[in-house]
Amino acid sequence: VENYLAKCLDSVIYPELEDYEIVLVNDGSTDSSGDICMDYQARYPALIKVITTPNGGLGAARDVGIDEAEGEYILFLDSDDYLSPGAVPEIMETLSLDYDMCIFDVRSVNEEGRQIRYVHGCQKEGFLSLEDFPELLFEMPSAWNKIYKRKLFTENGIYYPARVWYEDMYVTPWLYTKCRKIYSVHKSWHNY
């Protein structure tokens with residue numbers, strides 16, 4: 001992903017914001033991605049932490065990020081995706097709503113950033129739970145269009161399986177059952 005990583009990282013860097021961190025998990029890359037990570041860490045040492053691991057796949061990399069993160073909330077961003085301009089400050093504002101999980105919308109884009117498709121993360125907007133909206137189980141289970149209280153993982157022993165395709169399909173429904181308060185917002189913060 002060396003060709004996409006800088007755009008990904010640039011989309012989440014807001015040095016003027018306080019109380020957030022960026023944990024980069026270099027999952028045994030064989031291209032220049034590791035060097036790009038180290039360069040960004042050198043430029044933003046107070047903001048970025050780089051963890052290098054042997055290749056374990058996406059699920060294992062997410063698990064390392066969960067364990068290394070120190071914040072109350074966590075958001076996963078795959079290295080070939082990026083957040084929309086202004087997404088991080090908008091996301092930070094929503095944290096005061098004290099949700100367990102926030103689901104947001106996604107723009108599928110081409111390499112030039114032109115929108116190919118717009119996808120609602122959840123058809124229902126506002127606060128909900130699995131109990132009052134069981135249709136949630138039929139919504140997109142992706143890990144990367146959600147913000148989570150980190151303790152959903154750590155206090156419940158929930159982790160992503162290693163070396164499994166679509167690892168989020170195993171975990172997202174399980175996380176729904178642990179949430180008392182889910183917030184859905186129709187904001188396209190993620191670019192896939």
# chains A, B, ... in the order shown; residues from 1 in each chain; ligands from 1
>>> residues_around(residues="range 12-28 of chain A", least_positions_apart="4", cutoff="10 Å", atoms="only C-alpha atoms", output="PyMOL selection string")
chain A and resi 7-8+33-35+37-38+40-41+44+46-58+60-66+68-77+79+82-89+92
>>> select_by_dssp(residues="range 43-188 of chain A", states="alpha helix (DSSP H)", output="ChimeraX atom specification")
/A:43,57-68,87-94,151-154,167-178
>>> residues_around(residues="range 103-115 of chain A", least_positions_apart="3", cutoff="6 Å", atoms="only C-alpha atoms", output="list in words")
Tyr118, Val119, His120, Gly121, Asn145, Lys146, Ser184, Val185, His186, Lys187, Ser188, His190, Asn191 and Tyr192 of chain A
>>> select_by_dssp(residues="range 9-189 of chain A", states="strand (DSSP E)", output="MDAnalysis selection string")
chainID A and resid 22:27 48:53 73:75 82:83 101:109 115:119 126:128 146:149 182:189
>>> write_last_selection(atoms="C-alpha atoms", output="PDB file, in the first residue's frame")
ATOM      1  CA  ILE A  22      -2.506   7.531  15.769  1.00  0.00           C
ATOM      2  CA  VAL A  23      -1.283   3.958  16.144  1.00  0.00           C
ATOM      3  CA  LEU A  24       0.287   2.608  12.952  1.00  0.00           C
ATOM      4  CA  VAL A  25       0.652  -1.146  12.783  1.00  0.00           C
ATOM      5  CA  ASN A  26       3.201  -2.144  10.171  1.00  0.00           C
ATOM      6  CA  ASP A  27       2.142  -5.749   9.634  1.00  0.00           C
ATOM      7  CA  ILE A  48       2.059   8.880  16.060  1.00  0.00           C
ATOM      8  CA  LYS A  49       3.175   5.547  17.493  1.00  0.00           C
ATOM      9  CA  VAL A  50       4.510   2.871  15.087  1.00  0.00           C
ATOM     10  CA  ILE A  51       4.345  -0.810  15.959  1.00  0.00           C
ATOM     11  CA  THR A  52       6.074  -3.281  13.626  1.00  0.00           C
ATOM     12  CA  THR A  53       5.016  -6.916  13.756  1.00  0.00           C
ATOM     13  CA  TYR A  73     -12.413   5.336  21.635  1.00  0.00           C
ATOM     14  CA  ILE A  74     -10.893   3.606  18.635  1.00  0.00           C
ATOM     15  CA  LEU A  75     -11.393   3.905  14.876  1.00  0.00           C
ATOM     16  CA  TYR A  82      -8.635   7.730   3.923  1.00  0.00           C
ATOM     17  CA  LEU A  83     -10.945   9.995   5.905  1.00  0.00           C
ATOM     18  CA  MET A 101     -20.361   2.537  18.935  1.00  0.00           C
ATOM     19  CA  CYS A 102     -20.926   5.092  16.188  1.00  0.00           C
ATOM     20  CA  ILE A 103     -21.723   3.957  12.649  1.00  0.00           C
ATOM     21  CA  PHE A 104     -21.108   6.338   9.749  1.00  0.00           C
ATOM     22  CA  ASP A 105     -21.357   6.415   5.962  1.00  0.00           C
ATOM     23  CA  VAL A 106     -18.791   5.472   3.324  1.00  0.00           C
ATOM     24  CA  ARG A 107     -17.857   6.765  -0.097  1.00  0.00           C
ATOM     25  CA  SER A 108     -16.430   4.151  -2.456  1.00  0.00           C
ATOM     26  CA  VAL A 109     -13.952   6.071  -4.605  1.00  0.00           C
ATOM     27  CA  GLN A 115     -17.082   8.846  -5.897  1.00  0.00           C
ATOM     28  CA  ILE A 116     -18.250   5.563  -7.394  1.00  0.00           C
ATOM     29  CA  ARG A 117     -20.891   4.761  -4.796  1.00  0.00           C
ATOM     30  CA  TYR A 118     -22.284   6.154  -1.548  1.00  0.00           C
ATOM     31  CA  VAL A 119     -23.164   3.639   1.158  1.00  0.00           C
ATOM     32  CA  GLY A 126     -29.780   8.515  15.511  1.00  0.00           C
ATOM     33  CA  PHE A 127     -29.548   6.368  18.631  1.00  0.00           C
ATOM     34  CA  LEU A 128     -30.431   2.690  18.430  1.00  0.00           C
ATOM     35  CA  LYS A 146     -17.407   2.589  13.025  1.00  0.00           C
ATOM     36  CA  ILE A 147     -16.019   4.225  16.142  1.00  0.00           C
ATOM     37  CA  TYR A 148     -15.856   1.970  19.190  1.00  0.00           C
ATOM     38  CA  LYS A 149     -15.363   2.366  22.889  1.00  0.00           C
ATOM     39  CA  ILE A 182     -25.220   2.860  19.275  1.00  0.00           C
ATOM     40  CA  TYR A 183     -25.266   6.122  17.350  1.00  0.00           C
ATOM     41  CA  SER A 184     -25.741   6.197  13.590  1.00  0.00           C
ATOM     42  CA  VAL A 185     -24.946   9.332  11.612  1.00  0.00           C
ATOM     43  CA  HIS A 186     -25.278   9.929   7.886  1.00  0.00           C
ATOM     44  CA  LYS A 187     -21.872  11.535   7.419  1.00  0.00           C
ATOM     45  CA  SER A 188     -19.492  10.152   4.805  1.00  0.00           C
ATOM     46  CA  TRP A 189     -16.315  10.249   6.873  1.00  0.00           C
TER      47      TRP A 189
END
>>> closest_residue(among="A:Glu125, A:Glu139, A:Asp100, A:Asp39", to="Leu175 in chain A", atoms="only C-alpha atoms")
A:Asp100
>>> closest_residue(among="A:Pro173, A:Lys181, A:Glu155, A:Tyr160", to="Phe138 in chain A", atoms="only C-alpha atoms")
A:Pro173
